[in-house]
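Here is the structure we will look at.
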Amino acid sequence: MAEQRIIRSPDIERTNRVPPGQRVTEKFPVLHHGSTPKIDVSKWTFRIWGLVEKERKLSYDEFLALPEVTVLSDVHCVTGWSKLDNTWEGVSTQVIKELIKILSEAKFVIVHAAGGFTTNLNISDFLEPDVLFAIKHDGETLTTQHGHPLRLVVPRLYFWKSAKWVEGVEFTARDRKGFWESRGYHNRGDPWKEERYG
């Protein structure tokens, strides 16, 4: 088995790692809208579509077989808590990019998750080296409450952008607000700029 690449998110190199209005917690709070979905991994698929040359679908086993990366990062929730020194293991968005050919007119990514949840990102935020689809957190497989079987992790943005229960990504030419963004949350969500609400 190949040695996993380890990526340190730039935010953990800051002298002050806690953004304005945040407080540090040792816990890992669970926050989501509605009930936790029940996902059968034998039927789960990861779909890549939209402005790509050819749509791609992966089963859970096929996704697990992709090259893995480890990302060290902090987590900043819009509700005001920050959890420092997290270790995530999973598949880099760079690997997803290599699986398909993204068409030149694609400027945004809509991440789709169970229950109709979505979140939107510009393509450059999505393809940052520290962004991954996480399978494990701190050495343990993600719990269902924290997004099993797959959670997007975007370390440099508020944690609602790190969608749980991900089922696929859609590449688009135009931005389209996701679930929380269409309910008043900021469209980008940079914690260092306190981009909490739109």
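Chains: A, B, ... in order of the structure tokens. Residues: from 1 per chain. Ligands: from 1, in order shown.
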
request  = as a PyMOL selection string, list the residues of range 97-128 of chain A assigned to helix (DSSP H, G or I) by DSSP on the backbone atoms of this structure.
outcome  = chain A and resi 97-99+114-116+123-126

message = Excluding range 126-138 of chain A and its own-chain neighbours fewer than 5 positions away, which residues fall within 9 Å of it when counting only C-alpha atoms? Please give them as a count of residues only.
response = 36

request  = Measuring atom to atom with only C-alpha atoms, identify which of A:Trp192, A:Trp81, A:Phe63, A:Tyr185 is nearest to Leu99 in chain A.
outcome  =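 For Leu99 in chain A, the nearest of the candidates is A:Phe63.
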
inquiry  = With DSSP run on the backbone, what are the strand (DSSP E) residues within range 5-189 of chain A? I'd like them as a PyMOL selection string.
reply    = chain A and resi 5-8+23-24+45-50+56-59+69-76+81-92+108-113+118-122+132-137+140-141+151-153+166-172

Exercise: Val52 in chain A partners within 6 Å, only C-alpha atoms, chain neighbours under 6 positions left out, as a ChimeraX atom specification = /A:101-103

Go ahead and write the selection's residues with N, CA and C atoms as a short mmCIF file (atom, residue, chain, number, x, y, z; two decimals), in the first residue's frame.
data_model
loop_
_atom_site.label_atom_id
_atom_site.label_comp_id
_atom_site.auth_asym_id
_atom_site.auth_seq_id
_atom_site.Cartn_x
_atom_site.Cartn_y
_atom_site.Cartn_z
N LYS A 101 -12.57 14.93 -17.08
CA LYS A 101 -12.08 16.16 -17.70
C LYS A 101 -13.12 17.24 -17.46
N ILE A 102 -12.73 18.26 -16.70
CA ILE A 102 -13.64 19.37 -16.41
C ILE A 102 -13.61 20.32 -17.60
N LEU A 103 -14.77 20.69 -18.09
CA LEU A 103 -14.84 21.61 -19.22
C LEU A 103 -14.45 23.02 -18.79
#

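CA of Glu195 in chain A is positioned 23.1 Å from CA of Thr172 in chain A.
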
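Rounded to one decimal, CA of Trp165 in chain A and CA of Thr141 in chain A lie 13.1 Å from each other.
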
note = Using only C-alpha atoms, the shortest atom-to-atom distance to Arg196 in chain A among A:Ala163, A:Val30, A:Ala173, A:Val78 belongs to A:Val78

task = Please identify all polymer residues within 6 Å of Arg47 in chain A, counting only C-alpha atoms, omitting same-chain residues fewer than 2 positions from it, and present them as number ranges by chain.
result = A: 56-57, 168

Output the selection as a JSON list (two decimals), in the first residue's frame - N, CA and C atoms for each residue.
[["chain", "number", "residue", "atom", "x", "y", "z"],
["A", 56, "ARG", "N", -19.25, 10.36, -14.46],
["A", 56, "ARG", "CA", -18.60, 9.20, -13.81],
["A", 56, "ARG", "C", -19.37, 8.84, -12.55],
["A", 57, "LYS", "N", -19.50, 7.55, -12.28],
["A", 57, "LYS", "CA", -20.12, 7.07, -11.05],
["A", 57, "LYS", "C", -19.20, 6.04, -10.41],
["A", 168, "GLY", "N", -22.20, 13.26, -4.39],
["A", 168, "GLY", "CA", -21.64, 13.62, -5.68],
["A", 168, "GLY", "C", -21.37, 15.09, -5.84]]

request  = Can you pull out every residue within 8 Å of Lys177 in chain A, counting only C-alpha atoms, but drop anything in the same chain fewer than 5 positions away, and send it as a ChimeraX atom specification?
outcome  = /A:119-120,182,187

Write the residues you've just listed into a file as a short mmCIF file (atom, residue, chain, number, x, y, z; two decimals), in the first residue's frame, and include N, CA and C atoms for each of them.
data_model
loop_
_atom_site.label_atom_id
_atom_site.label_comp_id
_atom_site.auth_asym_id
_atom_site.auth_seq_id
_atom_site.Cartn_x
_atom_site.Cartn_y
_atom_site.Cartn_z
N THR A 119 -24.28 22.23 -1.10
CA THR A 119 -23.51 23.43 -0.79
C THR A 119 -22.74 23.81 -2.04
N ASN A 120 -22.50 25.11 -2.19
CA ASN A 120 -21.85 25.62 -3.40
C ASN A 120 -20.47 26.18 -3.07
N SER A 182 -28.93 29.48 0.77
CA SER A 182 -30.23 30.01 0.36
C SER A 182 -31.11 30.37 1.56
N ASN A 187 -22.41 33.35 1.14
CA ASN A 187 -22.21 32.51 -0.02
C ASN A 187 -20.84 31.82 -0.01
#

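Distances to Val111 in chain A were evaluated for A:Val169, A:Leu84, A:Leu142, A:Leu58 using only C-alpha atoms, and the minimum falls at A:Val169.
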
key: Interatomic distance, CA of Gly80 in chain A to CA of Gly198 in chain A (Å, one decimal)   = 16.6 Å

task = With a distance cut-off of 9 Å and only C-alpha atoms, select the neighbouring residues of Val41 in chain A, excluding the residue or stretch itself and same-chain residues fewer than 5 positions from it, and output the selection as a PyMOL selection string.
result = chain A and resi 59-61+149

inquiry  = Need the shell around Thr79 in chain A: protein/DNA/RNA residues with any atom at most 10 Å away, counting only C-alpha atoms. Skip same-chain ones fewer than 6 positions apart. Format as an MDAnalysis selection string?
reply    = chainID A and resid 21:23 31 158:160 196

Export, as a PDB file, in the first residue's frame, the selected residues with C-alpha atoms.
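The resulting file, result06.pdb, is reproduced below:
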ATOM      1  CA  GLY A  21     -15.781  35.535  17.367  1.00  0.00           C
ATOM      2  CA  GLN A  22     -14.746  31.891  17.857  1.00  0.00           C
ATOM      3  CA  ARG A  23     -14.045  29.893  21.040  1.00  0.00           C
ATOM      4  CA  LEU A  31     -25.135  20.016  14.198  1.00  0.00           C
ATOM      5  CA  TYR A 158     -16.806  27.715   7.891  1.00  0.00           C
ATOM      6  CA  PHE A 159     -17.762  24.124   8.615  1.00  0.00           C
ATOM      7  CA  TRP A 160     -21.226  24.192   6.998  1.00  0.00           C
ATOM      8  CA  ARG A 196     -21.230  34.217   8.581  1.00  0.00           C
TER       9      ARG A 196
END

message = I need the residue nearest Ile123 in chain A from this list: A:Leu51, A:Lys83, A:Glu194, A:Gly184. Use only C-alpha atoms for the distance.
response =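 Between A:Leu51, A:Lys83, A:Glu194, A:Gly184, the residue approaching Ile123 in chain A most closely is A:Leu51.
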
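Closest to Thr144 in chain A among A:Ala114, A:Pro20, A:Glu181, A:Ile48 is A:Ala114, based on only C-alpha atoms.
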
inquiry  = Here is a test: counting only C-alpha atoms, which residue of A:Ala65, A:Ile12, A:Ile100, A:Ala113 is nearest to Ile39 in chain A?
reply    =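 Closest residue, counting only C-alpha atoms: A:Ala113.
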